[in-house]
Amino acid sequence: MLRTRVIPALLLRDESLVKTVRFGKFTYVGDPCNTVRIFNELEVDELVFLDITATAEGRAPNLRLLADIADECFMPLGYGGGIRQFADAQSVLRLGFEKVIINSAAVENPPLIAEIAQHFGSQAVIVSIDVKRNIWGHYQVRTRAGTRNTHRDPVARAQEAEALGAGEILLTSIDREGTWSGFDIELTKSVAEAVRIPVIAHGGAGSLNDIAEVVAAAGASAVALGSMVVFQKKGMGVLVNFPEPDQLAVTLAVGKSATGPSSQADRVRRITSAHDSRHESLGH
Amino acid sequence: MITIVDYGMGNLGSIQNMFKRIGVPAQVTGDIAAVQKARKILLPGVGAFDSAMQRINESGLRTVLDHKALQERIPIMGICLGMQLLTRSSEEGQLPGLGWLPATTRRFAHDMGLKVPHMGWNVVTSARESALTEGLAVDSRYYFVHSYFVQTDNPVNRLQTTHYGITFDAVVGHGNLYGAQFHPEKSHKFGMRFLANFARI
């Protein structure tokens, strides 16, 4: 059976890894290559790197750093940040990354998606959609690290990305990001139901229970984890970690078979409490 | 020395990285003279079937590859699209494949109720024992990403299978020719073992 992919999403800023809360409040996490080595040993399913300042600084991807990362990784790799043109995507894919992640440029220059998909295949293009609720509670797509409101509806945006040839959607809730309060189920469900390509839910994961819920109740094909895999617990120090494969398998089996998100929640909670059993310190 | 054929499609850096990690000498080349001297060939590939066949046919690699596969009979393994190219044809394209393997390449049906491409980590089941899959019979998992799959004519060529809506061929073997639908270079220790096995064949 195909496993639901559980993907650490790591944020790059000035060649360091950081973690944010609602796209602000930066906490230093560590050196990218050291962290990658730990995730490699933990045999994570896949890794995603997002350079959160490249677009704002008008900078192309940091290819030297990405080459170092690719040399260490024997799992699928995705990269996003500052990919403005075809040549940027080509350079990143040549290094050994499988997927490029396009956010701002997908809104500002949609033909770029089609161009990359036609040349490298849809599986090489992830369109990233950052979403924030406005004061009326409506979901709106934002670009440029959340700073620019496009006033677009995420469902329409995702369908447009699919039509252009995107192979996956990385759907991030800005309101939940870094909060440990669970994924935005309503948002994820609305997008997952509207497209045929896989949707990676991102923003808010705080427990294995949250992962099970977004898969079962919202139809996410994969989940991206931030705080959970770089901190010990909410409000505590840096600790690079990843749930045990056995725990994940049980969680996701529960998620897939659950008739409702609460039906087997107790079982999931027991697993969640054991979540910290395997981890390694970052040692920086 | 393993020769990784560069015909302009595929994630060659990752494959080379993994061979380096497991201490197996490997070179990436699209040079016809270099491929002519190859003792063992790996045919990678990511992208569309017709584009790949067109590049192989037009680059002049086709003749030398045919010779290596069918006359010299050196070990050749196709990975992902590279595996599909070994077959007679694909539902993805119009051009004939290399046709070395008695098999065709088919598309996952859209009405299975499953997302296509089949993307992510999946387990394999061994159909036959082989040197290529030695030590990988139990609890091995690999990273897959594909919308088409290989169907061999003869079950004897089926080494390992995977299930996604239907059961399809994950690893095939036919004399000196091998194919793997997954990406060993992206499959942690399982992929390392798999490529190390190929290096020992």
# chains A, B, ... in the order shown; residues from 1 in each chain; ligands from 1
>>> residues_around(residues="A:Arg133", least_positions_apart="2", cutoff="12 Å", atoms="only C-alpha atoms", output="ChimeraX atom specification")
/A:22,130-131,135-142,146,149,151-154,172-176,184,186-187
>>> write_last_selection(atoms="N, CA and C atoms", output="mmCIF file, in the first residue's frame")
data_model
loop_
_atom_site.group_PDB
_atom_site.id
_atom_site.type_symbol
_atom_site.label_atom_id
_atom_site.label_comp_id
_atom_site.auth_asym_id
_atom_site.auth_seq_id
_atom_site.Cartn_x
_atom_site.Cartn_y
_atom_site.Cartn_z
ATOM 1 N N ARG A 22 3.221 31.881 11.951
ATOM 2 C CA ARG A 22 2.383 32.687 11.058
ATOM 3 C C ARG A 22 3.238 33.575 10.140
ATOM 4 N N ASP A 130 -0.189 29.915 -0.430
ATOM 5 C CA ASP A 130 -0.270 30.386 0.962
ATOM 6 C C ASP A 130 -1.602 31.091 1.156
ATOM 7 N N VAL A 131 -2.306 30.691 2.207
ATOM 8 C CA VAL A 131 -3.668 31.188 2.382
ATOM 9 C C VAL A 131 -3.855 31.797 3.763
ATOM 10 N N ILE A 135 -10.616 39.472 7.507
ATOM 11 C CA ILE A 135 -11.392 39.724 8.731
ATOM 12 C C ILE A 135 -12.821 39.214 8.626
ATOM 13 N N TRP A 136 -13.287 38.958 7.411
ATOM 14 C CA TRP A 136 -14.634 38.401 7.240
ATOM 15 C C TRP A 136 -14.612 36.878 7.282
ATOM 16 N N GLY A 137 -13.413 36.313 7.432
ATOM 17 C CA GLY A 137 -13.293 34.855 7.488
ATOM 18 C C GLY A 137 -13.136 34.188 6.140
ATOM 19 N N HIS A 138 -12.976 34.998 5.070
ATOM 20 C CA HIS A 138 -12.802 34.412 3.737
ATOM 21 C C HIS A 138 -11.338 34.071 3.492
ATOM 22 N N TYR A 139 -11.131 32.920 2.829
ATOM 23 C CA TYR A 139 -9.764 32.533 2.500
ATOM 24 C C TYR A 139 -9.263 33.340 1.313
ATOM 25 N N GLN A 140 -8.029 33.846 1.442
ATOM 26 C CA GLN A 140 -7.425 34.598 0.348
ATOM 27 C C GLN A 140 -5.974 34.156 0.144
ATOM 28 N N VAL A 141 -5.599 34.049 -1.136
ATOM 29 C CA VAL A 141 -4.245 33.615 -1.471
ATOM 30 C C VAL A 141 -3.292 34.797 -1.338
ATOM 31 N N ARG A 142 -2.170 34.529 -0.688
ATOM 32 C CA ARG A 142 -1.137 35.559 -0.559
ATOM 33 C C ARG A 142 0.166 35.083 -1.200
ATOM 34 N N GLY A 146 3.680 35.817 2.076
ATOM 35 C CA GLY A 146 2.488 36.235 2.815
ATOM 36 C C GLY A 146 2.236 37.722 2.840
ATOM 37 N N ASN A 149 -1.445 40.397 -0.754
ATOM 38 C CA ASN A 149 -2.754 39.762 -0.856
ATOM 39 C C ASN A 149 -3.216 39.801 -2.309
ATOM 40 N N HIS A 151 -6.110 38.537 -3.201
ATOM 41 C CA HIS A 151 -7.579 38.515 -3.128
ATOM 42 C C HIS A 151 -8.176 37.375 -3.941
ATOM 43 N N ARG A 152 -7.366 36.351 -4.202
ATOM 44 C CA ARG A 152 -7.849 35.214 -4.987
ATOM 45 C C ARG A 152 -8.318 34.105 -4.066
ATOM 46 N N ASP A 153 -9.256 33.307 -4.581
ATOM 47 C CA ASP A 153 -9.787 32.177 -3.838
ATOM 48 C C ASP A 153 -8.858 30.973 -4.014
ATOM 49 N N PRO A 154 -8.471 30.305 -2.926
ATOM 50 C CA PRO A 154 -7.509 29.197 -3.054
ATOM 51 C C PRO A 154 -7.995 28.043 -3.938
ATOM 52 N N THR A 172 -0.598 25.903 2.248
ATOM 53 C CA THR A 172 -0.163 26.355 3.568
ATOM 54 C C THR A 172 -1.168 27.318 4.181
ATOM 55 N N SER A 173 -1.573 27.033 5.397
ATOM 56 C CA SER A 173 -2.409 27.969 6.143
ATOM 57 C C SER A 173 -1.497 28.902 6.930
ATOM 58 N N ILE A 174 -1.473 30.163 6.533
ATOM 59 C CA ILE A 174 -0.626 31.138 7.242
ATOM 60 C C ILE A 174 -1.104 31.282 8.688
ATOM 61 N N ASP A 175 -2.425 31.225 8.872
ATOM 62 C CA ASP A 175 -2.982 31.401 10.225
ATOM 63 C C ASP A 175 -2.558 30.287 11.181
ATOM 64 N N ARG A 176 -2.323 29.094 10.630
ATOM 65 C CA ARG A 176 -1.974 27.954 11.491
ATOM 66 C C ARG A 176 -0.466 27.741 11.589
ATOM 67 N N ASP A 184 -5.659 23.283 8.993
ATOM 68 C CA ASP A 184 -6.958 23.882 8.651
ATOM 69 C C ASP A 184 -7.718 22.862 7.792
ATOM 70 N N GLU A 186 -10.944 22.629 6.968
ATOM 71 C CA GLU A 186 -11.899 23.178 6.003
ATOM 72 C C GLU A 186 -11.184 23.621 4.720
ATOM 73 N N LEU A 187 -10.088 24.338 4.902
ATOM 74 C CA LEU A 187 -9.318 24.811 3.751
ATOM 75 C C LEU A 187 -8.777 23.629 2.938
#
>>> residues_around(residues="B:Ala109", least_positions_apart="5", cutoff="12 Å", atoms="only C-alpha atoms", output="ChimeraX atom specification")
/B:91,114-118,147-149,164-166
>>> closest_atom_pairs(of="chain B", to="chain A", cutoff="6 Å", atoms="only C-alpha atoms", output="tab-separated table")
residue	atom	partner	partner_atom	distance
B:Asn11	CA	A:Gly96	CA	5.8
B:Gly13	CA	A:Gly96	CA	5.2
B:Ser14	CA	A:Gly96	CA	4.9
B:Gly47	CA	A:Gly121	CA	5.3
B:Trp121	CA	A:Arg3	CA	5.7
B:Asn122	CA	A:Leu2	CA	4.6
B:Lys186	CA	A:Met75	CA	4.1
B:Ser187	CA	A:Met75	CA	5.7
B:His188	CA	A:Phe74	CA	5.1
>>> residues_around(residues="A:Gly219", least_positions_apart="5", cutoff="7 Å", atoms="only C-alpha atoms", output="PyMOL selection string")
chain A and resi 189+192+214
>>> select_by_dssp(residues="stretch 63-174 of chain A", states="strand (DSSP E or B)", output="JSON, numbers by chain")
{"A": [77, 78, 79, 80, 99, 100, 101, 102, 125, 126, 127, 128, 129, 130, 131, 132, 133, 139, 140, 141, 142, 143, 148, 149, 150, 151, 152, 168, 169, 170, 171, 172, 173]}
>>> select_by_dssp(residues="stretch 61-245 of chain A", states="alpha helix (DSSP H)", output="PyMOL selection string")
chain A and resi 63-72+86-94+104-108+111-120+154-164+185-194+208-218+227-230+245
>>> residues_around(residues="A:Asn109", least_positions_apart="4", cutoff="12 Å", atoms="only C-alpha atoms", output="PyMOL selection string")
chain A and resi 83-86+102-105+113-115+161+164
>>> residues_around(residues="B:Asp31", least_positions_apart="4", cutoff="9 Å", atoms="only C-alpha atoms", output="number ranges by chain")
B: 5-6, 35-36, 61
>>> residues_around(residues="B:Ala170", least_positions_apart="3", cutoff="7 Å", atoms="only C-alpha atoms", output="JSON, numbers by chain")
{"B": [160, 161, 162, 180, 181, 182]}
>>> residues_around(residues="stretch 189-199 of chain B", least_positions_apart="5", cutoff="9 Å", atoms="only C-alpha atoms", output="list of chain:residue names")
A:Glu43, A:Phe74, B:Met1, B:Ile2, B:Met18, B:Phe19, B:Arg21, B:Ile22, B:Gly23, B:Val24, B:Lys40, B:Pro75, B:Met77, B:Ala131, B:Leu132, B:Thr133, B:Glu134, B:Gly135, B:Leu136, B:Ser140, B:Arg141, B:Tyr142, B:Tyr143, B:His183, B:Pro184
